[in-house]
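Enquirer: One file is attached below, run_11.txt, containing compact mmCIF, C-alpha atoms.
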```txt
# COMPACT_ATOMS: atom_id res chain seq x y z
CA MET K 1 -10.82 0.94 28.69
CA SER K 2 -11.15 4.49 27.41
CA ASP K 3 -11.34 5.07 23.69
CA SER K 4 -9.71 8.50 23.99
CA LEU K 5 -6.65 8.88 21.83
CA SER K 6 -4.31 11.41 20.28
CA ALA K 7 -2.86 11.45 16.79
CA VAL K 8 0.00 13.55 15.50
CA THR K 9 2.48 13.81 12.65
CA VAL K 10 6.01 13.05 13.81
CA ARG K 11 9.49 12.72 12.34
CA ILE K 12 11.34 9.45 12.80
CA ALA K 13 14.64 7.97 11.65
CA GLY K 14 14.02 5.64 8.73
CA HIS K 15 16.32 3.64 6.47
CA GLN K 16 19.96 4.67 6.87
CA GLY K 17 18.92 7.29 9.42
CA ASP K 18 16.93 9.37 6.93
CA GLU K 19 14.41 11.58 8.67
CA ILE K 20 10.95 10.63 7.44
CA GLU K 21 7.42 11.67 8.23
CA ALA K 22 5.11 9.34 10.13
CA TYR K 23 1.61 9.42 11.58
CA LEU K 24 1.43 8.32 15.21
CA ALA K 25 -1.75 7.57 17.14
CA ARG K 26 -1.70 6.72 20.86
CA PRO K 27 -4.35 5.70 23.35
CA GLN K 28 -4.81 8.01 26.30
CA GLY K 29 -3.61 6.64 29.61
CA GLU K 30 -0.55 5.13 31.20
CA GLN K 31 -1.14 1.41 30.70
CA ARG K 32 1.65 -0.63 29.15
CA ARG K 33 0.91 -1.58 25.56
CA GLY K 34 2.18 -3.04 22.36
CA GLY K 35 2.72 -1.18 19.11
CA VAL K 36 1.56 -1.59 15.51
CA VAL K 37 3.35 -0.43 12.36
CA VAL K 38 0.87 0.18 9.56
CA ILE K 39 2.31 -0.03 6.05
CA HIS K 40 0.23 2.04 3.66
CA HIS K 41 -0.87 0.79 0.25
CA MET K 42 0.64 1.95 -3.01
CA PRO K 43 -1.79 4.88 -3.45
CA GLY K 44 -0.11 6.40 -0.44
CA TYR K 45 -0.09 7.74 3.03
CA ASP K 46 -3.71 8.77 2.75
CA ARG K 47 -6.74 9.58 4.87
CA ALA K 48 -8.07 6.01 4.85
CA THR K 49 -4.72 4.67 6.07
CA LYS K 50 -4.57 7.26 8.85
CA GLU K 51 -8.06 6.16 9.91
CA ILE K 52 -6.66 2.63 10.26
CA VAL K 53 -3.81 3.97 12.41
CA ARG K 54 -6.29 5.69 14.70
CA ARG K 55 -8.37 2.53 14.92
CA PHE K 56 -5.38 0.65 16.30
CA ALA K 57 -4.99 3.34 18.95
CA GLU K 58 -8.67 2.91 19.77
CA LEU K 59 -7.95 -0.82 20.13
CA GLY K 60 -5.30 0.02 22.71
CA TYR K 61 -2.03 0.08 20.75
CA ASP K 62 0.49 2.75 19.91
CA ALA K 63 0.26 2.79 16.12
CA ILE K 64 2.45 4.42 13.53
CA CYS K 65 2.44 4.67 9.76
CA PRO K 66 5.67 5.80 8.12
CA ASN K 67 5.20 7.87 4.96
CA LEU K 68 7.08 5.70 2.51
CA TYR K 69 7.13 8.58 0.03
CA SER K 70 8.65 11.13 2.44
CA ARG K 71 11.82 11.39 0.41
CA GLU K 72 10.32 11.80 -3.05
CA ALA K 73 7.55 14.23 -2.17
CA PRO K 74 7.75 15.75 1.30
CA GLY K 75 4.58 17.60 2.22
CA ALA K 76 2.77 16.70 -1.00
CA ALA K 77 -0.82 15.49 -1.21
CA PRO K 78 -0.88 11.69 -0.85
CA ASP K 79 -2.00 11.03 -4.41
CA ASP K 80 0.59 13.41 -5.86
CA ALA K 81 3.30 11.83 -3.69
CA ALA K 82 2.27 8.36 -4.86
CA ALA K 83 2.51 9.50 -8.48
CA VAL K 84 5.97 10.94 -7.94
CA ALA K 85 7.18 7.81 -6.14
CA ARG K 86 5.76 5.62 -8.86
CA ALA K 87 7.42 7.64 -11.62
CA ALA K 88 10.70 7.34 -9.69
CA GLY K 89 10.47 3.53 -9.71
CA GLY K 90 8.63 2.78 -6.47
CA VAL K 91 9.89 1.89 -3.01
CA PRO K 92 12.99 -0.36 -2.99
CA ASP K 93 12.67 -3.38 -0.71
CA ASP K 94 15.76 -2.54 1.37
CA ARG K 95 14.50 0.98 2.01
CA LEU K 96 11.10 -0.37 3.04
CA VAL K 97 12.71 -2.66 5.59
CA GLY K 98 14.78 0.23 6.95
CA ASP K 99 11.76 2.47 7.28
CA VAL K 100 9.72 -0.22 9.06
CA ALA K 101 12.67 -0.88 11.38
CA GLY K 102 12.74 2.83 12.22
CA ALA K 103 9.00 2.86 12.86
CA ALA K 104 9.23 -0.21 15.11
CA ALA K 105 12.10 1.37 17.04
CA ALA K 106 10.11 4.57 17.48
CA LEU K 107 7.22 2.56 18.95
CA ARG K 108 9.49 0.63 21.32
CA ALA K 109 11.03 3.90 22.53
CA LEU K 110 7.66 5.30 23.64
CA ASP K 111 6.83 5.52 27.33
CA GLY K 112 4.66 2.57 28.27
CA SER K 113 5.80 0.32 25.43
CA ASN K 114 5.84 -3.35 26.39
CA GLY K 115 8.47 -3.95 23.72
CA ARG K 116 6.19 -5.89 21.41
CA VAL K 117 5.50 -4.63 17.91
CA GLY K 118 3.30 -5.98 15.14
CA VAL K 119 3.26 -5.04 11.46
CA ILE K 120 0.25 -4.87 9.17
CA GLY K 121 -0.03 -3.87 5.54
CA TYR K 122 -2.57 -3.77 2.78
CA CYS K 123 -2.22 -4.61 -0.90
CA SER K 124 1.45 -3.83 -1.80
CA GLY K 125 1.87 -3.28 1.94
CA GLY K 126 0.81 -6.90 2.52
CA ARG K 127 3.83 -8.12 0.61
CA GLN K 128 5.98 -5.53 2.38
CA THR K 129 4.67 -6.75 5.75
CA VAL K 130 5.86 -10.29 5.03
CA LEU K 131 9.18 -8.89 3.83
CA ALA K 132 9.55 -6.90 7.05
CA ALA K 133 8.67 -9.95 9.17
CA CYS K 134 11.36 -11.96 7.33
CA SER K 135 13.93 -9.23 7.96
CA LEU K 136 13.19 -7.67 11.35
CA ASP K 137 12.45 -8.71 14.90
CA VAL K 138 8.73 -8.16 15.13
CA ASP K 139 6.21 -10.08 17.21
CA ALA K 140 3.29 -10.46 14.82
CA ALA K 141 2.55 -9.75 11.16
CA VAL K 142 -0.71 -9.32 9.24
CA ASP K 143 -0.73 -9.63 5.47
CA CYS K 144 -3.91 -8.23 3.97
CA TYR K 145 -4.12 -9.50 0.40
CA GLY K 146 -0.54 -8.81 -0.59
CA ALA K 147 0.23 -10.00 -4.12
CA PHE K 148 3.50 -11.70 -5.07
CA VAL K 149 4.45 -13.04 -1.68
CA THR K 150 4.34 -16.30 -3.60
CA GLY K 151 3.56 -17.09 -7.21
CA ASN K 152 4.95 -15.76 -10.41
CA PRO K 153 3.49 -13.12 -12.69
CA PRO K 154 1.72 -14.20 -15.87
CA GLU K 155 4.08 -14.85 -18.76
CA GLY K 156 5.15 -11.67 -20.47
CA PHE K 157 4.14 -9.55 -17.49
CA PRO K 158 7.02 -7.21 -16.68
CA LEU K 159 6.82 -7.32 -12.91
CA LYS K 160 9.10 -4.94 -11.05
CA VAL K 161 9.07 -6.81 -7.76
CA THR K 162 10.13 -10.32 -6.87
CA ASN K 163 8.17 -12.80 -4.83
CA LEU K 164 9.34 -13.67 -1.32
CA VAL K 165 9.43 -17.45 -1.55
CA ASP K 166 13.18 -17.61 -0.87
CA ARG K 167 12.77 -15.39 2.17
CA LEU K 168 9.91 -17.26 3.85
CA PRO K 169 12.16 -19.66 5.82
CA GLU K 170 13.40 -16.51 7.62
CA LEU K 171 9.93 -15.45 8.78
CA ARG K 172 10.36 -14.43 12.42
CA ALA K 173 6.80 -13.81 13.55
CA PRO K 174 3.39 -15.45 13.52
CA LEU K 175 1.54 -14.45 10.37
CA LEU K 176 -2.15 -13.68 10.00
CA GLY K 177 -3.23 -13.68 6.36
CA LEU K 178 -6.56 -12.19 5.25
CA PHE K 179 -7.57 -12.74 1.65
CA GLY K 180 -10.51 -12.36 -0.69
CA ALA K 181 -11.52 -15.64 -2.27
CA GLU K 182 -12.42 -13.76 -5.47
CA ASP K 183 -9.06 -11.95 -5.64
CA LYS K 184 -6.83 -12.82 -8.62
CA PHE K 185 -3.60 -11.40 -7.15
CA PRO K 186 -3.14 -13.06 -4.77
CA GLY K 187 -5.41 -15.78 -6.10
CA PRO K 188 -6.37 -18.91 -4.16
CA GLU K 189 -3.46 -20.85 -5.68
CA GLN K 190 -0.94 -18.26 -4.46
CA VAL K 191 -2.47 -18.32 -0.99
CA ALA K 192 -2.31 -22.13 -1.04
CA GLU K 193 1.36 -22.00 -2.06
CA LEU K 194 2.08 -19.63 0.81
CA GLU K 195 0.25 -21.93 3.20
CA GLN K 196 2.25 -24.94 2.00
CA THR K 197 5.58 -23.14 2.21
CA LEU K 198 4.91 -21.89 5.73
CA THR K 199 3.77 -25.35 6.84
CA ALA K 200 6.87 -26.96 5.32
CA ASN K 201 9.04 -24.50 7.24
CA GLY K 202 7.24 -24.99 10.53
CA LYS K 203 5.97 -21.41 10.71
CA GLU K 204 3.03 -20.28 12.81
CA PHE K 205 0.25 -18.81 10.70
CA GLU K 206 -3.50 -18.34 10.47
CA PHE K 207 -5.25 -17.65 7.16
CA HIS K 208 -8.79 -16.61 6.33
CA SER K 209 -10.18 -16.30 2.81
CA TYR K 210 -13.54 -14.59 2.47
CA GLU K 211 -16.06 -15.86 -0.05
CA GLY K 212 -17.57 -13.06 -2.09
CA ALA K 213 -14.72 -10.68 -1.32
CA GLY K 214 -12.11 -9.56 -3.82
CA HIS K 215 -9.00 -7.47 -3.45
CA ALA K 216 -8.92 -4.50 -1.05
CA PHE K 217 -12.02 -5.49 0.89
CA PHE K 218 -10.92 -3.37 3.87
CA ALA K 219 -10.83 -0.17 1.78
CA VAL K 220 -13.84 1.82 3.00
CA ASP K 221 -13.48 4.45 0.27
CA ARG K 222 -13.35 2.05 -2.68
CA PRO K 223 -15.93 -0.07 -4.48
CA SER K 224 -14.07 -3.20 -3.38
CA TYR K 225 -15.13 -2.62 0.25
CA ASN K 226 -16.86 -5.71 1.60
CA VAL K 227 -18.62 -5.17 4.91
CA ALA K 228 -18.80 -8.81 6.03
CA ALA K 229 -15.18 -9.57 5.19
CA ALA K 230 -13.89 -6.32 6.66
CA ASN K 231 -15.86 -6.71 9.89
CA ASP K 232 -14.70 -10.28 10.42
CA GLY K 233 -11.16 -9.32 9.36
CA TRP K 234 -11.00 -6.59 11.98
CA GLU K 235 -12.10 -9.08 14.62
CA ARG K 236 -9.37 -11.52 13.54
CA ILE K 237 -6.77 -8.77 13.62
CA SER K 238 -7.92 -7.63 17.03
CA ALA K 239 -7.70 -11.16 18.48
CA PHE K 240 -4.35 -11.85 16.80
CA PHE K 241 -2.70 -8.69 18.07
CA SER K 242 -4.24 -9.15 21.51
CA LYS K 243 -2.63 -12.61 21.68
CA HIS K 244 0.81 -11.59 20.41
CA LEU K 245 1.19 -7.96 21.45
CA GLY K 246 -0.71 -7.88 24.74
CA ALA K 247 0.91 -6.42 27.82
CA MET V 1 -3.49 -6.24 -7.45
CA CYS V 2 -0.79 -3.63 -7.57
CA THR V 3 0.79 -4.00 -10.99
CA TYR V 4 4.00 -2.16 -10.14
CA THR V 5 4.38 -1.47 -13.86
CA THR V 6 4.83 2.09 -15.07
CA VAL V 7 5.38 3.35 -18.61
CA LYS V 8 7.14 6.72 -18.78
CA ASP V 9 7.76 9.12 -21.60
CA SER V 10 8.43 12.80 -22.21
CA VAL V 11 5.83 15.14 -23.68
CA ASP V 12 5.75 18.77 -24.72
CA GLY V 13 2.53 20.66 -24.13
CA SER V 14 0.38 22.30 -21.50
CA ALA V 15 -2.26 21.22 -19.04
CA LYS V 16 -4.69 23.05 -16.79
CA GLY V 17 -3.86 21.99 -13.30
CA PRO V 18 -4.26 22.84 -9.62
CA GLY V 19 -6.00 26.15 -8.97
CA GLY V 20 -7.14 26.37 -12.58
CA ALA V 21 -3.69 27.48 -13.75
CA TRP V 22 -2.12 26.32 -16.96
CA PHE V 23 1.38 24.91 -16.79
CA HIS V 24 3.87 23.34 -19.15
CA VAL V 25 4.00 19.54 -18.95
CA SER V 26 7.18 17.66 -19.70
CA ASP V 27 6.56 14.14 -18.40
CA VAL V 28 3.83 11.54 -18.76
CA THR V 29 3.46 8.31 -16.81
CA VAL V 30 0.93 5.65 -17.79
CA TYR V 31 0.00 2.63 -15.70
CA PHE V 32 -2.87 0.22 -15.15
CA ASP V 33 -3.50 -0.08 -11.43
CA HIS V 34 -5.77 0.86 -8.56
CA PRO V 35 -7.27 4.32 -8.96
CA VAL V 36 -7.47 6.96 -6.25
CA HIS V 37 -10.93 8.23 -7.17
CA ALA V 38 -12.57 6.28 -9.99
CA MET V 39 -15.16 3.68 -8.97
CA ALA V 40 -13.33 0.70 -10.44
CA GLU V 41 -10.86 -1.81 -9.05
CA HIS V 42 -8.31 -1.01 -11.74
CA THR V 43 -8.02 1.85 -14.19
CA LEU V 44 -5.67 3.10 -16.85
CA ASN V 45 -4.01 6.02 -15.13
CA ILE V 46 -2.25 8.89 -16.86
CA ASP V 47 -0.26 11.57 -15.07
CA PHE V 48 0.87 14.65 -16.96
CA ALA V 49 3.46 16.43 -14.86
CA ASP V 50 6.21 18.99 -14.60
CA PRO V 51 8.55 17.51 -11.96
CA SER V 52 10.52 20.76 -11.81
CA LYS V 53 7.46 22.46 -10.27
CA GLY V 54 6.94 19.84 -7.56
CA PRO V 55 4.53 16.95 -6.95
CA SER V 56 1.35 19.03 -7.23
CA ALA V 57 2.14 20.13 -10.81
CA ARG V 58 0.19 17.21 -12.15
CA VAL V 59 -2.96 16.50 -14.09
CA ALA V 60 -4.23 13.00 -13.41
CA LEU V 61 -6.67 10.83 -15.35
CA GLU V 62 -8.15 7.52 -14.25
CA LEU V 63 -10.03 5.75 -17.07
CA THR V 64 -11.64 2.36 -17.30
CA ALA V 65 -9.83 0.09 -19.74
CA GLU V 66 -12.61 0.53 -22.29
CA SER V 67 -12.52 4.32 -21.90
CA ALA V 68 -8.76 4.30 -22.35
CA ARG V 69 -9.06 2.32 -25.57
CA ARG V 70 -11.65 4.78 -26.85
CA LEU V 71 -9.35 7.66 -25.94
CA VAL V 72 -6.50 6.10 -27.90
CA ALA V 73 -8.80 5.66 -30.91
CA ALA V 74 -10.10 9.22 -30.60
CA VAL V 75 -6.58 10.64 -30.48
CA GLN V 76 -5.62 8.62 -33.54
CA GLU V 77 -8.77 9.71 -35.36
CA ALA V 78 -8.22 13.38 -34.55
CA LEU V 79 -4.62 13.24 -35.72
CA ALA V 80 -5.60 11.40 -38.89
CA ALA V 81 -8.33 13.92 -39.70
CA VAL V 82 -5.95 16.77 -40.47
CA PRO V 83 -3.24 17.14 -43.13
CA ALA V 84 -0.10 15.31 -42.08
CA GLU V 85 2.02 18.46 -42.45
CA LEU V 86 0.12 20.06 -39.59
CA THR V 87 1.08 17.31 -37.16
CA VAL V 88 4.84 17.10 -37.64
```
Would it be possible to restate this file's structure as structure tokens?

Expert:
Amino acid sequence: MSDSLSAVTVRIAGHQGDEIEAYLARPQGEQRRGGVVVIHHMPGYDRATKEIVRRFAELGYDAICPNLYSREAPGAAPDDAAAVARAAGGVPDDRLVGDVAGAAAALRALDGSNGRVGVIGYCSGGRQTVLAACSLDVDAAVDCYGAFVTGNPPEGFPLKVTNLVDRLPELRAPLLGLFGAEDKFPGPEQVAELEQTLTANGKEFEFHSYEGAGHAFFAVDRPSYNVAAANDGWERISAFFSKHLGA
Amino acid sequence: MCTYTTVKDSVDGSAKGPGGAWFHVSDVTVYFDHPVHAMAEHTLNIDFADPSKGPSARVALELTAESARRLVAAVQEALAAVPAELTV
């Protein structure tokens, strides 16, 4: 398979038909293929996230990352856009679901799509991935260390998001979870609670927790980057998407 | 973790921002979360901004928790070191 690809900025219809920006990477060639929606982390629609999008194209998928801050700060630098979105209260859950639905629809509308779409997200995007997979028809979901899928914040901690425990029975896709064993949020007890809840509800899932890795071990531009965990994690993701999104 | 918690307030002053230009700042947001640039998992982040001038009208700081505490103490010390009537 060729590793040639193209990557462009596009406009797609997001939540309630809003036109939002997205980054789309596609393998060269005519072969039928699945698609991957990449949900960026809270610091934004940044260079590192776009590198991840291109990597999925290199792996043979049409991949797209919607800019979740398109509305608050169109055209702004990613860090400035993240600051504006944060000051405005962050991304509401219903809007996130609408934007991911729009991204998935854009992938399925591409020539050569096999109709299958996976979702992956990192950090806050990990929680949003599970939310999307509980709300939308997707074929696979990958939660990379998303906090507050399960568990409650420490007492007195004014959390602005809710956990997703009540939503987990609605999970519609196999879930791959990749976690750092040294991470505090989500800590091992939260991962264990998620595992128990999914088991109790008869959901298909596969979890890996990496010893020696903390939060954000995939982030190549941050001190949390962990080579061993990230390398193995990419292999797990590749195998998981190949199984569930393959032509 | 992403803390999702943001403290906001209004301020009145100036900051030297993008392109080396001074601009009036009206808003400050303070939060403890992942930094963009600092080599730490979490930092105390402060954004001074003028939303009326767009997203780039911002001066951002990312400080370790210890640095942030020292900043708070330094600000208090500087304010306390001058006659109170100067700082009203």

Enquirer: What is the distance between CA of Thr87 in chain V and CA of Phe48 in chain V, in Å to one decimal?

Expert: 20.4 Å

Enquirer: Can you pull out every residue within 9 Å of range 128-140 of chain K, counting only C-alpha atoms, but drop anything in the same chain fewer than 3 positions away, and send it as JSON, numbers by chain?

Expert: {"K": [38, 39, 93, 96, 97, 98, 100, 101, 104, 116, 117, 118, 119, 120, 121, 122, 123, 124, 125, 143, 144, 146, 149, 164, 167, 168, 169, 170, 171, 172, 173, 174, 175, 176, 240, 241, 244, 245]}

Enquirer: Give me, as a VMD selection string, the residues of chain K touching chain V, with the criterion being at most 7 Å (counting only C-alpha atoms).

Expert: chain K and resid 43 73 76 80 to 81 84 87 123 to 124 147 158 to 160 185 215 222 to 224

Enquirer: Write a file of the just-selected residues containing C-alpha atoms, as a PDB file, in the coordinates of the input.

Expert:
```pdb
ATOM      1  CA  PRO K  43      -1.790   4.880  -3.450  1.00  0.00           C
ATOM      2  CA  ALA K  73       7.550  14.230  -2.170  1.00  0.00           C
ATOM      3  CA  ALA K  76       2.770  16.700  -1.000  1.00  0.00           C
ATOM      4  CA  ASP K  80       0.590  13.410  -5.860  1.00  0.00           C
ATOM      5  CA  ALA K  81       3.300  11.830  -3.690  1.00  0.00           C
ATOM      6  CA  VAL K  84       5.970  10.940  -7.940  1.00  0.00           C
ATOM      7  CA  ALA K  87       7.420   7.640 -11.620  1.00  0.00           C
ATOM      8  CA  CYS K 123      -2.220  -4.610  -0.900  1.00  0.00           C
ATOM      9  CA  SER K 124       1.450  -3.830  -1.800  1.00  0.00           C
ATOM     10  CA  ALA K 147       0.230 -10.000  -4.120  1.00  0.00           C
ATOM     11  CA  PRO K 158       7.020  -7.210 -16.680  1.00  0.00           C
ATOM     12  CA  LEU K 159       6.820  -7.320 -12.910  1.00  0.00           C
ATOM     13  CA  LYS K 160       9.100  -4.940 -11.050  1.00  0.00           C
ATOM     14  CA  PHE K 185      -3.600 -11.400  -7.150  1.00  0.00           C
ATOM     15  CA  HIS K 215      -9.000  -7.470  -3.450  1.00  0.00           C
ATOM     16  CA  ARG K 222     -13.350   2.050  -2.680  1.00  0.00           C
ATOM     17  CA  PRO K 223     -15.930  -0.070  -4.480  1.00  0.00           C
ATOM     18  CA  SER K 224     -14.070  -3.200  -3.380  1.00  0.00           C
TER      19      SER K 224
END
```

Enquirer: So that I can check the surroundings of range 189-197 of chain K, please list as JSON, numbers by chain every protein, DNA and RNA residue that reaches within 9 Å of it, counting all atoms listed in the file and ignoring chain neighbours fewer than 3 positions away.

Expert: {"K": [147, 148, 149, 150, 151, 152, 165, 168, 169, 177, 179, 185, 186, 200, 201, 202, 203, 205, 206, 207, 209]}

Enquirer: Could you pull out every residue with an atom within 6 Å of (7.4, 15.7, -21.6), file coordinates, counting only C-alpha atoms, and send them as a list in words?

Expert: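 Answer for this query, in the requested form: Ser10, Val11, Asp12, Val25, Ser26 and Asp27 of chain V.
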
Enquirer: So that I can check the surroundings of Thr9 in chain K, please list as a list in words every protein, DNA and RNA residue that reaches within 12 Å of it, counting all atoms listed in the file and ignoring chain neighbours fewer than 3 positions away.

Expert: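 The residues that qualify are Ser6, Ile12, Ile20, Glu21, Ala22, Tyr23, Leu24, Ala25, Arg26, Tyr45, Lys50, Val53, Ala63, Ile64, Cys65, Pro66, Asn67 and Gly75 of chain K.
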
Enquirer: Could you jot down the CA of Tyr61 in chain K to CA of Pro27 in chain K separation for me, Å, one decimal place?

Expert: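 We find that CA of Tyr61 in chain K and CA of Pro27 in chain K lie 6.6 Å from each other.
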
Enquirer: For a quick check of your reading of the model, name the residues lying within 12 Å of the coordinate (-4.2, 16.5, -34.1), counting only C-alpha atoms, and write them as an MDAnalysis selection string.

Expert: chainID V and resid 74:88

Enquirer: When distances are computed from only C-alpha atoms, which of V:His24, V:Gly13, V:Leu44, V:Pro18 shows the smallest separation from Leu61 in chain V?

Expert: V:Leu44

Enquirer: In Å to one decimal, how far is CA of His40 in chain K from CA of Gly90 in chain K?

Expert: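 About the pair CA of Gly90 in chain K and CA of His40 in chain K: they are 13.2 Å apart.
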